Structures are given as C-alpha cells and as structure tokens.
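File shown: upload01.txt. Contents: compact mmCIF, C-alpha atoms.
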# COMPACT_ATOMS: atom_id res chain seq x y z
CA MET A 1 19.17 -34.63 -12.11
CA ILE A 2 22.84 -34.23 -11.38
CA PRO A 3 25.43 -36.99 -11.02
CA ALA A 4 27.16 -37.70 -7.72
CA SER A 5 30.50 -35.91 -7.36
CA PHE A 6 33.54 -37.31 -9.12
CA ASP A 7 37.03 -36.28 -10.15
CA TYR A 8 37.48 -35.58 -13.85
CA VAL A 9 40.63 -36.53 -15.75
CA ARG A 10 40.94 -35.78 -19.45
CA ALA A 11 43.26 -38.24 -21.16
CA ASP A 12 45.29 -36.82 -24.04
CA SER A 13 46.61 -40.19 -25.18
CA VAL A 14 45.82 -43.90 -24.92
CA ASP A 15 48.81 -44.28 -22.58
CA ALA A 16 47.51 -41.50 -20.34
CA ALA A 17 44.10 -43.14 -20.19
CA ILE A 18 45.61 -46.49 -19.21
CA ALA A 19 47.83 -44.80 -16.62
CA ALA A 20 44.77 -43.14 -15.08
CA LEU A 21 42.89 -46.45 -15.07
CA THR A 22 45.88 -48.19 -13.48
CA GLU A 23 46.08 -45.51 -10.81
CA HIS A 24 42.39 -45.48 -9.90
CA GLY A 25 41.44 -49.12 -10.51
CA ASP A 26 37.77 -50.01 -10.51
CA GLU A 27 36.86 -46.67 -8.92
CA ALA A 28 37.34 -45.16 -12.38
CA LYS A 29 35.11 -45.28 -15.44
CA LEU A 30 35.99 -44.27 -18.96
CA LEU A 31 33.90 -41.52 -20.52
CA ALA A 32 33.64 -41.50 -24.33
CA GLY A 33 30.50 -39.89 -25.80
CA GLY A 34 28.80 -40.27 -22.44
CA HIS A 35 25.41 -41.20 -23.84
CA SER A 36 25.18 -44.47 -21.93
CA LEU A 37 27.18 -43.59 -18.83
CA LEU A 38 25.94 -40.07 -18.04
CA PRO A 39 22.24 -41.07 -17.97
CA LEU A 40 23.13 -43.85 -15.51
CA MET A 41 25.13 -41.42 -13.39
CA LYS A 42 22.29 -38.89 -13.39
CA LEU A 43 19.98 -41.59 -12.07
CA ARG A 44 22.72 -42.49 -9.54
CA LEU A 45 22.71 -46.04 -10.84
CA ALA A 46 26.42 -45.50 -11.40
CA ALA A 47 28.63 -43.36 -9.20
CA PRO A 48 32.29 -43.72 -10.23
CA SER A 49 34.63 -41.59 -8.16
CA VAL A 50 36.85 -40.81 -11.16
CA LEU A 51 35.85 -40.21 -14.78
CA VAL A 52 38.61 -40.61 -17.34
CA ASP A 53 37.48 -38.69 -20.42
CA VAL A 54 38.81 -40.31 -23.60
CA GLY A 55 36.43 -38.35 -25.81
CA ARG A 56 39.21 -36.23 -27.32
CA LEU A 57 41.34 -39.15 -28.50
CA ASP A 58 40.82 -38.39 -32.17
CA ASP A 59 43.57 -40.92 -32.99
CA LEU A 60 40.91 -43.53 -32.19
CA ARG A 61 38.36 -42.08 -34.58
CA TYR A 62 38.79 -43.78 -37.96
CA ILE A 63 37.30 -46.33 -40.34
CA ASN A 64 40.05 -47.99 -42.39
CA ASP A 65 40.29 -50.71 -44.99
CA ALA A 66 42.89 -53.05 -43.48
CA GLY A 67 42.99 -55.67 -46.22
CA ASP A 68 41.06 -58.67 -44.93
CA HIS A 69 39.09 -56.60 -42.41
CA ILE A 70 37.73 -53.15 -41.69
CA ALA A 71 39.39 -51.47 -38.70
CA ILE A 72 37.27 -49.02 -36.76
CA GLY A 73 38.65 -46.83 -34.00
CA ALA A 74 36.75 -47.18 -30.73
CA LEU A 75 35.99 -43.45 -30.56
CA THR A 76 34.26 -43.46 -33.95
CA ARG A 77 30.86 -41.89 -33.51
CA HIS A 78 27.58 -43.46 -34.62
CA ARG A 79 27.15 -40.63 -37.12
CA ASP A 80 30.57 -41.44 -38.64
CA LEU A 81 29.46 -45.07 -39.09
CA GLU A 82 26.13 -44.00 -40.54
CA ILE A 83 27.64 -41.88 -43.33
CA SER A 84 30.78 -43.94 -44.07
CA THR A 85 31.00 -44.84 -47.76
CA LEU A 86 33.49 -47.60 -46.91
CA LEU A 87 31.03 -49.24 -44.51
CA ALA A 88 28.13 -48.69 -46.92
CA SER A 89 29.90 -50.97 -49.39
CA ALA A 90 31.88 -53.30 -47.11
CA ALA A 91 29.63 -53.58 -44.03
CA PRO A 92 26.20 -52.11 -44.84
CA LEU A 93 24.58 -53.85 -41.84
CA LEU A 94 26.74 -51.78 -39.49
CA SER A 95 26.19 -48.40 -41.15
CA HIS A 96 22.46 -49.05 -41.46
CA ALA A 97 22.09 -50.13 -37.81
CA ALA A 98 24.22 -47.19 -36.61
CA GLY A 99 21.65 -44.90 -38.27
CA HIS A 100 18.98 -46.41 -36.02
CA VAL A 101 20.75 -45.84 -32.69
CA GLY A 102 18.86 -43.33 -30.54
CA ASP A 103 18.29 -40.13 -32.48
CA PRO A 104 20.52 -37.70 -34.43
CA GLN A 105 21.71 -35.88 -31.31
CA VAL A 106 22.68 -39.17 -29.67
CA ARG A 107 24.44 -40.34 -32.84
CA HIS A 108 26.50 -37.14 -32.95
CA ARG A 109 28.03 -37.97 -29.56
CA GLY A 110 27.77 -41.72 -28.96
CA THR A 111 30.70 -43.93 -29.98
CA LEU A 112 30.98 -47.52 -31.21
CA GLY A 113 33.56 -48.39 -28.56
CA GLY A 114 31.46 -46.84 -25.82
CA SER A 115 28.39 -48.77 -26.89
CA LEU A 116 30.30 -52.07 -26.93
CA ALA A 117 32.16 -51.49 -23.66
CA HIS A 118 28.89 -50.53 -21.96
CA ALA A 119 27.65 -54.01 -22.95
CA ASP A 120 23.96 -53.22 -22.72
CA PRO A 121 21.99 -56.18 -24.13
CA ALA A 122 19.34 -53.69 -25.31
CA SER A 123 21.80 -51.72 -27.45
CA ASP A 124 21.85 -52.26 -31.19
CA LEU A 125 25.53 -52.30 -32.11
CA PRO A 126 26.78 -55.07 -29.79
CA ALA A 127 24.44 -57.52 -31.55
CA VAL A 128 25.50 -56.21 -34.96
CA ILE A 129 29.20 -56.75 -34.17
CA LEU A 130 28.36 -60.23 -32.82
CA ALA A 131 26.43 -61.20 -35.96
CA MET A 132 29.32 -60.00 -38.14
CA GLY A 133 31.88 -62.02 -36.19
CA GLY A 134 33.84 -58.94 -35.15
CA THR A 135 36.96 -58.83 -33.02
CA LEU A 136 37.63 -56.25 -30.31
CA VAL A 137 41.08 -54.94 -29.48
CA ALA A 138 41.73 -54.10 -25.82
CA THR A 139 44.81 -52.12 -24.86
CA GLY A 140 46.25 -52.17 -21.35
CA PRO A 141 49.53 -51.62 -19.51
CA ASN A 142 51.03 -54.73 -21.14
CA GLY A 143 49.96 -53.99 -24.69
CA SER A 144 47.03 -55.04 -26.82
CA ARG A 145 45.04 -58.24 -27.10
CA GLU A 146 42.22 -59.38 -29.35
CA ILE A 147 38.90 -60.55 -27.95
CA PRO A 148 36.34 -62.20 -30.25
CA ALA A 149 32.98 -60.46 -29.95
CA SER A 150 31.48 -63.86 -29.06
CA GLU A 151 33.58 -63.86 -25.85
CA PHE A 152 33.41 -60.14 -25.03
CA PHE A 153 29.97 -59.83 -23.43
CA THR A 154 30.16 -61.60 -20.07
CA GLY A 155 27.08 -60.35 -18.20
CA PHE A 156 24.59 -57.51 -17.83
CA LEU A 157 26.63 -54.34 -18.49
CA GLU A 158 29.78 -56.45 -18.06
CA SER A 159 32.49 -57.02 -20.63
CA GLY A 160 35.75 -58.91 -20.82
CA LEU A 161 37.72 -55.68 -20.44
CA ALA A 162 40.02 -55.60 -17.41
CA PRO A 163 39.72 -52.52 -15.15
CA ASP A 164 42.95 -51.13 -16.61
CA GLU A 165 42.09 -51.81 -20.25
CA LEU A 166 40.71 -49.49 -22.91
CA LEU A 167 38.83 -50.74 -25.96
CA THR A 168 40.82 -49.25 -28.83
CA GLU A 169 39.71 -50.89 -32.08
CA ILE A 170 36.90 -52.96 -33.56
CA ARG A 171 37.70 -55.27 -36.49
CA ILE A 172 35.02 -56.45 -38.87
CA PRO A 173 35.86 -59.26 -41.28
CA LYS A 174 35.38 -58.19 -44.87
CA LEU A 175 32.48 -60.30 -45.95
CA ASP A 176 31.22 -60.83 -49.44
CA ALA A 177 27.73 -60.47 -48.02
CA GLN A 178 24.93 -62.19 -49.90
CA GLY A 179 22.37 -60.52 -47.70
CA TRP A 180 21.86 -58.74 -44.43
CA SER A 181 19.04 -57.38 -42.30
CA PHE A 182 18.52 -55.34 -39.16
CA GLN A 183 15.16 -55.57 -37.45
CA LYS A 184 14.40 -53.25 -34.54
CA PHE A 185 11.04 -53.24 -32.84
CA ASN A 186 10.29 -50.32 -30.55
CA ARG A 187 7.37 -48.10 -29.72
CA ARG A 188 9.00 -44.70 -30.14
CA ALA A 189 11.76 -43.88 -32.62
CA GLN A 190 14.38 -43.11 -30.01
CA ASP A 191 13.66 -46.04 -27.66
CA TRP A 192 15.85 -49.07 -27.14
CA ALA A 193 14.66 -52.11 -29.05
CA ILE A 194 12.06 -54.23 -27.26
CA VAL A 195 13.66 -56.94 -29.39
CA GLY A 196 16.10 -56.55 -32.26
CA VAL A 197 17.73 -58.96 -34.71
CA ALA A 198 20.91 -58.51 -36.78
CA THR A 199 21.57 -60.97 -39.60
CA VAL A 200 24.36 -61.25 -42.12
CA ARG A 201 24.74 -64.04 -44.68
CA ALA A 202 28.18 -64.41 -46.23
CA ASN A 203 30.80 -66.94 -47.26
CA GLY A 204 28.40 -69.83 -46.79
CA SER A 205 27.45 -69.05 -43.21
CA THR A 206 24.81 -66.97 -41.50
CA GLY A 207 25.30 -64.86 -38.39
CA VAL A 208 22.20 -64.02 -36.39
CA ALA A 209 22.32 -62.01 -33.16
CA LEU A 210 19.58 -60.91 -30.79
CA VAL A 211 19.08 -57.58 -29.02
CA ASN A 212 17.44 -57.56 -25.57
CA MET A 213 16.75 -61.29 -25.28
CA GLY A 214 18.91 -61.94 -22.21
CA SER A 215 21.49 -60.38 -19.93
CA THR A 216 23.93 -60.03 -22.83
CA PRO A 217 23.60 -59.60 -26.59
CA LEU A 218 23.25 -63.16 -27.87
CA LEU A 219 24.17 -65.17 -30.93
CA ALA A 220 21.14 -67.22 -32.04
CA THR A 221 23.29 -70.32 -32.50
CA ALA A 222 20.37 -72.74 -32.92
CA VAL A 223 19.02 -70.59 -35.74
CA MET A 224 22.48 -70.33 -37.33
CA ASP A 225 22.99 -74.11 -37.18
CA ALA A 226 19.54 -74.76 -38.66
CA VAL A 227 20.21 -72.41 -41.58
CA LYS A 228 23.55 -74.12 -42.18
CA SER A 229 21.73 -77.48 -42.33
CA GLY A 230 19.37 -76.15 -44.98
CA ALA A 231 16.33 -75.16 -42.91
CA THR A 232 13.86 -72.64 -44.30
CA ALA A 233 13.60 -69.19 -42.71
CA ALA A 234 10.36 -70.17 -40.98
CA ASP A 235 11.76 -73.43 -39.57
CA ALA A 236 14.99 -71.82 -38.42
CA ALA A 237 13.14 -68.88 -36.83
CA ALA A 238 11.12 -71.31 -34.69
CA LEU A 239 14.39 -71.93 -32.79
CA ALA A 240 14.95 -68.21 -32.06
CA ASN A 241 14.47 -68.57 -28.30
CA GLU A 242 16.88 -71.43 -27.67
CA GLY A 243 19.40 -70.25 -25.11
CA THR A 244 17.67 -66.92 -24.47
CA GLU A 245 16.48 -65.56 -21.13
CA ALA A 246 14.09 -62.76 -22.08
CA GLN A 247 13.11 -60.48 -19.20
CA SER A 248 9.72 -58.97 -18.47
CA ASP A 249 9.58 -55.22 -17.95
CA ILE A 250 7.29 -52.22 -18.42
CA ASN A 251 7.46 -52.56 -22.21
CA ALA A 252 6.89 -56.28 -22.70
CA SER A 253 6.49 -59.62 -20.98
CA SER A 254 9.06 -62.33 -21.60
CA GLU A 255 6.44 -64.30 -23.59
CA TYR A 256 5.84 -61.28 -25.82
CA ARG A 257 9.58 -60.89 -26.38
CA GLU A 258 9.89 -64.57 -27.28
CA HIS A 259 7.09 -64.21 -29.81
CA LEU A 260 8.73 -61.09 -31.22
CA ALA A 261 12.08 -62.86 -31.50
CA ARG A 262 10.55 -65.64 -33.62
CA VAL A 263 8.76 -63.15 -35.88
CA LEU A 264 11.74 -60.80 -36.26
CA VAL A 265 14.25 -63.62 -36.86
CA ARG A 266 12.03 -64.94 -39.65
CA ARG A 267 11.70 -61.47 -41.19
CA SER A 268 15.41 -60.91 -40.80
CA LEU A 269 16.33 -64.20 -42.49
CA GLU A 270 13.87 -63.53 -45.29
CA GLU A 271 15.09 -59.98 -45.81
CA SER A 272 18.65 -61.26 -46.00
CA GLY A 273 17.61 -63.55 -48.84
CA LEU A 274 16.89 -66.91 -47.23
CA ALA A 275 13.80 -68.64 -48.63
CA MET B 1 37.71 -26.84 -12.48
CA GLN B 2 38.26 -23.99 -14.93
CA ILE B 3 36.73 -24.33 -18.36
CA THR B 4 36.62 -22.05 -21.39
CA VAL B 5 33.92 -22.57 -23.98
CA THR B 6 33.32 -20.47 -27.08
CA VAL B 7 29.60 -19.77 -26.78
CA ASN B 8 27.90 -18.03 -29.70
CA GLY B 9 31.28 -16.82 -30.89
CA VAL B 10 32.43 -15.40 -27.55
CA GLU B 11 34.94 -17.08 -25.22
CA ARG B 12 33.28 -17.69 -21.87
CA SER B 13 35.16 -19.04 -18.87
CA GLY B 14 33.81 -20.49 -15.68
CA ASP B 15 34.70 -22.43 -12.58
CA VAL B 16 32.50 -25.53 -12.55
CA GLU B 17 32.23 -28.78 -10.68
CA PRO B 18 33.17 -31.74 -12.89
CA ARG B 19 29.59 -32.98 -12.58
CA THR B 20 28.08 -29.74 -13.91
CA LEU B 21 25.97 -30.50 -16.95
CA LEU B 22 26.53 -28.30 -19.99
CA VAL B 23 22.91 -27.10 -19.94
CA HIS B 24 23.33 -25.88 -16.36
CA PHE B 25 26.54 -24.07 -17.25
CA LEU B 26 24.73 -22.30 -20.10
CA ARG B 27 21.61 -21.44 -18.12
CA ASP B 28 22.86 -20.87 -14.59
CA GLU B 29 26.41 -19.60 -15.11
CA LEU B 30 26.03 -17.73 -18.40
CA GLY B 31 22.36 -16.78 -18.09
CA LEU B 32 21.51 -18.20 -21.51
CA THR B 33 18.07 -19.46 -20.57
CA GLY B 34 16.84 -19.92 -24.13
CA THR B 35 17.98 -23.52 -23.91
CA ASN B 36 15.22 -25.30 -22.02
CA ILE B 37 15.37 -28.35 -19.80
CA GLY B 38 12.49 -30.70 -20.50
CA CYS B 39 12.83 -34.35 -19.55
CA ASP B 40 16.43 -34.21 -18.28
CA THR B 41 16.89 -37.78 -19.57
CA SER B 42 18.07 -37.12 -23.16
CA SER B 43 14.67 -38.06 -24.55
CA CYS B 44 12.85 -34.81 -25.36
CA GLY B 45 15.44 -32.67 -27.13
CA ALA B 46 14.33 -29.37 -25.53
CA CYS B 47 17.95 -28.74 -24.51
CA THR B 48 19.38 -29.25 -28.01
CA ILE B 49 22.31 -26.98 -28.86
CA HIS B 50 25.16 -27.25 -31.34
CA VAL B 51 28.61 -28.44 -30.30
CA GLU B 52 31.15 -27.92 -33.08
CA GLY B 53 28.20 -27.39 -35.42
CA GLN B 54 26.31 -30.60 -34.63
CA SER B 55 23.10 -30.98 -32.63
CA VAL B 56 23.66 -32.34 -29.13
CA LYS B 57 21.44 -32.72 -26.06
CA SER B 58 23.10 -30.46 -23.52
CA CYS B 59 21.56 -32.32 -20.56
CA THR B 60 23.65 -35.36 -21.49
CA MET B 61 27.02 -33.68 -21.77
CA LEU B 62 29.27 -32.39 -19.03
CA ALA B 63 30.37 -28.77 -19.17
CA ALA B 64 33.88 -30.20 -18.79
CA GLN B 65 33.45 -32.12 -22.05
CA ALA B 66 32.81 -28.82 -23.85
CA ASP B 67 36.01 -27.20 -22.55
CA GLY B 68 37.83 -25.70 -25.53
CA LEU B 69 34.98 -26.40 -27.93
CA SER B 70 32.57 -24.16 -29.79
CA VAL B 71 28.91 -24.11 -28.75
CA THR B 72 25.92 -22.40 -30.36
CA THR B 73 22.67 -21.89 -28.50
CA ILE B 74 19.34 -20.53 -29.72
CA GLU B 75 20.55 -17.05 -28.65
CA GLY B 76 23.38 -17.30 -31.17
CA LEU B 77 21.29 -17.97 -34.27
CA ALA B 78 19.84 -14.53 -35.05
CA ASP B 79 21.99 -11.80 -36.59
CA GLY B 80 21.08 -8.88 -34.37
CA ASP B 81 17.40 -8.16 -34.97
CA THR B 82 17.32 -10.35 -38.07
CA LEU B 83 16.05 -13.80 -37.29
CA HIS B 84 17.86 -16.87 -38.61
CA PRO B 85 15.91 -18.22 -41.63
CA MET B 86 14.84 -21.24 -39.58
CA GLN B 87 13.48 -19.01 -36.80
CA ARG B 88 11.62 -16.89 -39.37
CA CYS B 89 10.16 -19.98 -41.05
CA PHE B 90 8.91 -21.23 -37.67
CA GLN B 91 7.30 -17.81 -37.13
CA GLU B 92 5.76 -17.60 -40.60
CA ASN B 93 4.43 -21.17 -40.53
CA HIS B 94 3.29 -21.08 -36.93
CA GLY B 95 5.70 -23.89 -36.10
CA LEU B 96 4.98 -23.66 -32.40
CA GLN B 97 2.16 -23.83 -29.91
CA CYS B 98 3.28 -23.37 -26.30
CA GLY B 99 6.85 -22.78 -27.49
CA TYR B 100 8.69 -24.85 -24.90
CA CYS B 101 10.18 -27.33 -27.36
CA THR B 102 10.86 -24.60 -29.94
CA PRO B 103 14.50 -23.68 -29.17
CA GLY B 104 15.49 -27.35 -29.31
CA MET B 105 13.38 -27.97 -32.42
CA VAL B 106 14.99 -25.02 -34.21
CA MET B 107 18.52 -26.10 -33.26
CA ALA B 108 17.82 -29.70 -34.32
CA ALA B 109 16.27 -28.48 -37.58
CA VAL B 110 19.27 -26.28 -38.42
CA SER B 111 21.59 -29.25 -37.85
CA LEU B 112 19.29 -31.45 -39.94
CA LEU B 113 19.46 -29.10 -42.94
CA ASP B 114 23.24 -28.83 -42.58
CA GLU B 115 23.42 -32.60 -43.08
CA ASN B 116 20.60 -32.88 -45.62
CA PRO B 117 19.82 -29.53 -47.32
CA ASN B 118 16.98 -30.94 -49.42
CA PRO B 119 15.00 -33.32 -47.20
CA SER B 120 11.68 -34.98 -47.97
CA GLU B 121 8.85 -34.65 -45.46
CA THR B 122 9.75 -38.14 -44.21
CA ASP B 123 13.40 -37.11 -43.83
CA VAL B 124 12.31 -34.16 -41.69
CA ARG B 125 10.05 -36.29 -39.50
CA ILE B 126 12.79 -38.90 -39.01
CA GLY B 127 15.44 -36.21 -38.60
CA LEU B 128 13.49 -34.63 -35.74
CA GLU B 129 12.86 -37.94 -33.97
CA GLY B 130 14.99 -36.78 -31.05
CA ASN B 131 12.67 -33.86 -30.28
CA LEU B 132 9.26 -34.12 -28.66
CA CYS B 133 6.46 -31.53 -28.84
CA ARG B 134 3.99 -32.21 -26.05
CA CYS B 135 1.44 -29.95 -27.75
CA THR B 136 1.80 -32.46 -30.65
CA GLY B 137 2.26 -29.51 -33.01
CA TYR B 138 4.42 -31.52 -35.36
CA HIS B 139 2.53 -30.70 -38.55
CA ASN B 140 3.54 -27.04 -38.63
CA ILE B 141 7.02 -27.77 -37.30
CA VAL B 142 7.64 -30.05 -40.28
CA LYS B 143 6.08 -27.43 -42.57
CA SER B 144 8.44 -24.78 -41.16
CA VAL B 145 11.53 -26.90 -41.75
CA LEU B 146 10.46 -27.79 -45.30
CA ALA B 147 9.78 -24.10 -46.01
CA CYS B 148 13.25 -23.18 -44.77
CA ALA B 149 14.83 -25.93 -46.88
CA ALA B 150 12.93 -24.83 -50.00
CA GLU B 151 13.97 -21.22 -49.40
CA SER B 152 17.66 -21.96 -48.96
CA THR B 153 17.97 -24.48 -51.79
CA GLY B 154 16.02 -22.08 -54.03
CA ALA B 155 18.34 -19.24 -53.07
CA SER B 156 21.45 -21.27 -53.82
CA LYS B 157 20.26 -22.25 -57.31

Could you rewrite the structure in this file as structure tokens?
Amino acid sequence: MIPASFDYVRADSVDAAIAALTEHGDEAKLLAGGHSLLPLMKLRLAAPSVLVDVGRLDDLRYINDAGDHIAIGALTRHRDLEISTLLASAAPLLSHAAGHVGDPQVRHRGTLGGSLAHADPASDLPAVILAMGGTLVATGPNGSREIPASEFFTGFLESGLAPDELLTEIRIPKLDAQGWSFQKFNRRAQDWAIVGVATVRANGSTGVALVNMGSTPLLATAVMDAVKSGATAADAAALANEGTEAQSDINASSEYREHLARVLVRRSLEESGLA
Amino acid sequence: MQITVTVNGVERSGDVEPRTLLVHFLRDELGLTGTNIGCDTSSCGACTIHVEGQSVKSCTMLAAQADGLSVTTIEGLADGDTLHPMQRCFQENHGLQCGYCTPGMVMAAVSLLDENPNPSETDVRIGLEGNLCRCTGYHNIVKSVLACAAESTGASK
C-alpha cells in the first residue's frame, strides 16, 4: 500500500514549520514520527497534499525539570519517555504507559506530540496526559499559547490546534503522587486498547481518564467527583460510563466496553491505592 | 526528490517520489531484498531494519525521512562470510521455520539486546512483541535470542 502523492517539505526550525503551514493551510499535515499518520495515508483515509516533516527538530526533543512542572518537547519519542529517569521519579504513570504504546519499533519512532496532536481516542498517551492534568503549548505565527489537556481534544482525530499551529511542548504538573495506575486491555500486545484507564492520585485529588470510550479521550469526571466525596473504589467505578459514548466495532460491542470500563476503573483505583 | 542514505555503511543515493516507503527504496531501488514485506500495516515486523541503530518498521517510514541517516538491513549484519552472532544463534537453535519473519526477527532481536544485554525469557518475549511468526515458531526464536545474550554477556565478563 502506497500513499497518494504529496509534496514533501522538511522543516529545519519551528519557524520554518509554521511558515510552511501558513503557506499551505489545511492542505498540509505535519509529519513527526509518522506512526499514526502514515498508516492512515497508506489506507488513503488521509491524503494531505503537503507533508511538513518536523521529525528532525531535535530542539523539541527533551524532558526537563522546570521547577513546578516537567517540560517535554513535542518531538520526544515514546522510547525516550519510557527510559527517562526524571519521569520514572516525577511522572511514573507517563513513562510506564509510554512503554506500552505499540511495540518497540513503534516506540523508537512515535512521538508524544504526534500522539497528542493525532487525537485518537484509542491512543494511550492522550488519556495519560488528561489524567495528569497536563498543559499543551501550541506555537503559531503569533507566538505560543497554552491549552489545558482537558480542552485540547475536540472530536474524533480533532484537536484545538489551528491549521497554522505546531504543538511544541507538553507540561506535566509535578505531583507528589500517592498512587497511579495504567490499565490497558487488548487482545494482542501491539493492539490499541479495547478500553484503557489512566489514574493518578495526588495532592488530595484523583485524575481518571478513559481510552477508547468515546470520540475523544475522556476524563471520568463522575468517578473523580465520587472519589473526592469519599466513595470506595467499587462505588466510584460504578459511575465509569457517565458521559461516555462507547462505540461498537470488530473488537467489542459498546456494552462490552462499558463493562470493561467499570472493571478497569475499579482495578485502576485499587492499584493506585484507593480502598 | 534526491535522497542519500548510508545503507550498511555505504552511501546510496536515489531519486524517489516523496511517497516512496523506505522498504521499497531498499528492495526496489537498491535491490536489498532481504528485508521482507509482510503485512504492510506496521503490525508484523517482517520489514524491521535499524535506523540510527534502533529497530524500525521500514513499511511505516518514508524513504525521504531516512535522507541523511544511517540504515542497517539484514544484509549488513554479517562480516563477510562470518555470520553475526545473532544470525548464528538462530541457525544453531533452529530459530526459524519457513524463514519469512526471520530477517525482521533478527534485526529486532539485535536491537533488543543493544537496549537490554541480559534479558529474561519474559523480556525477550515482550521485546519481540512487534514481530509475528505465522509458523508460530516462537519457542526456538526466544531460545536463539537467549543463547546469543548468554554468549555475549559471557564473553564480556
């Protein structure tokens, strides 16, 4: 399978990438690791006329301690997240989940920014960043702006990025985590989650986010509110499907997904230390 | 577009369409047909090569993305007539049945041991999760990789 024809532009700086996006508008797509976009293009489900390759922007490949938060460059690869000693101590949920994305070959190429900008509700890391209360930094012709993860995912494969904006940084609040958990249920190791749950408990609150339970990654707000009010893991998990719109597909019916969400949210809360 | 890729230590140039996949550049332009195409959907790992020393599925990378980078294929592992230790361990442990997945398995296994020189059996099974053997010959594949790891860690002691 070969993608439809396109023009290829390799950006050698953030400014050059934004200039190319400004020039080509919504005909252009950004290419980072390519492990979400290229499969879609090979299936001709996406056919951008211009690809702007930002994969060589090594300036955007970093994981830094920025005082009250961890700053991660958008071009940081899943493998970098997986083996980061800083993340292992400051954000173990993220490094652990990154080690469960796809398979080693995918993790060598795929990037955090690419995964978030692709906004696939079945991907692992969007839900992880949601649960952790992350902030995304978008850079465009008029400078940078911050977008809370809770406002970033606007629809199926749609994000709050403007056509001329590039996701440049992801900020994770430094949490004194009391517990965390990542649950991923799939049939084969390299598959997307049929349902996944990311949980982090810190600073008196609990973030719970769902993978593949709607058209976007979702915060399980009813579960989070119940935990805050003192509910047990089992009682809170019973609310796992509030606000979700699980789809039926070849892997699972929506009813099966809803059952899985309740089970995995309970396991996730328990593993993160809630009675 | 013109690209130059260092393939198995030799600079190779070519004129490719932007949409040319790296695996097609290797097989069709350079004649390096050791890298197989299996599923063509980045699931099976038959097309695994190394880019800058790390395992990558070459069906999910554009040739243009490899411009200026260093690539190793299965043809680049052996030193003349002397097989790479991983190739020899696959041979000695019968780590193959039909052989179609073997180039990708070997490349993935070499990358795995680079990252974890002393893996457990579980580490090897998880580390090869991106490679499928439709003969289901996994038992001897895992045995081959463990044998190679034992040999190289033993040799370095």

Report as CSV: every residue of chain B with an atom at most 9 Å from chain A, its closest pair of atoms, and their distance in Å to one decimal, counting only C-alpha atoms, with rows sorted by chain and ascending residue number.
residue,atom,partner,partner_atom,distance
B:Met1,CA,A:Tyr8,CA,8.8
B:Glu17,CA,A:Ser5,CA,8.1
B:Pro18,CA,A:Tyr8,CA,5.9
B:Arg19,CA,A:Pro3,CA,6.0
B:Thr20,CA,A:Ile2,CA,7.3
B:Leu21,CA,A:Ile2,CA,7.4
B:Asp40,CA,A:Met1,CA,6.8
B:Thr41,CA,A:Pro39,CA,6.5
B:Ser42,CA,A:Pro39,CA,7.7
B:Ser43,CA,A:Gln190,CA,7.4
B:Gly45,CA,A:Gln105,CA,8.2
B:Thr48,CA,A:Gln105,CA,7.8
B:Gln54,CA,A:His108,CA,6.8
B:Ser55,CA,A:Gln105,CA,5.3
B:Val56,CA,A:Gln105,CA,4.6
B:Lys57,CA,A:Gln105,CA,6.1
B:Thr60,CA,A:Leu38,CA,6.3
B:Met61,CA,A:Gly34,CA,6.9
B:Leu62,CA,A:Leu38,CA,8.4
B:Ala64,CA,A:Tyr8,CA,8.1
B:Gln65,CA,A:Gly55,CA,7.9
B:Ala108,CA,A:Gln105,CA,7.9
B:Leu112,CA,A:Pro104,CA,8.4
B:Ile126,CA,A:Ala189,CA,8.2
B:Gly127,CA,A:Pro104,CA,6.7
B:Leu128,CA,A:Pro104,CA,7.8
B:Glu129,CA,A:Asp103,CA,6.0
B:Gly130,CA,A:Asp103,CA,4.9
B:Asn131,CA,A:Asp103,CA,8.7

>> Give me, as number ranges by chain, all polymer residues having an atom no more than 10 Å from range 218-226 of chain A, counting all atoms listed in the file and skipping those fewer than 4 positions away in the same chain.
In response: A: 121, 126-128, 130-131, 133, 150, 153, 197-199, 201, 205-214, 230-233, 235-245, 265-266, 269

>> Under the rule that all atoms listed in the file are counted, which of B:Gly99, B:Gly9, B:Pro119, B:Gly34 is the nearest residue to Val71 in chain B?
In response: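 For Val71 in chain B, the nearest of the given residues is B:Gly9.
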
>> Residues near Val7 in chain B, anyone? I mean within 12 Å using all atoms listed in the file, not counting same-chain ones fewer than 5 positions away, as a PyMOL selection string.
In response: chain B and resi 12-14+22+25-27+30-32+49-53+63+66-77

> Which residue gives the smallest distance to Glu270 in chain A among A:Glu27, A:Ala234, A:Glu146, A:His69, with only C-alpha atoms counted?
Replying inline: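 Going through A:Glu27, A:Ala234, A:Glu146, A:His69 one by one, the smallest distance to Glu270 in chain A is for A:Ala234.
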
With 4 Å on each side, where is the centre of the axis-aligned box around all listed atoms of range 198-204 of chain A, and how long are its edges in Å to one decimal, as JSON?
{"center_x": 25.9, "center_y": -64.2, "center_z": -42.0, "size_x": 17.9, "size_y": 19.3, "size_z": 18.5}

>> List as a PyMOL selection string the protein and nucleic acid residues near range 136-139 of chain A, meaning an atom at most 7 Å away when only C-alpha atoms are counted, but skip any in the same chain fewer than 2 places from it.
In response: chain A and resi 134+143-149+161+165-171

>> Please report the interatomic distance between CA of Lys143 in chain B and CA of Asp80 in chain A in Å with one decimal.
In response: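 Taking CA of Lys143 in chain B as the start and CA of Asp80 in chain A as the end point, the length is 28.5 Å.
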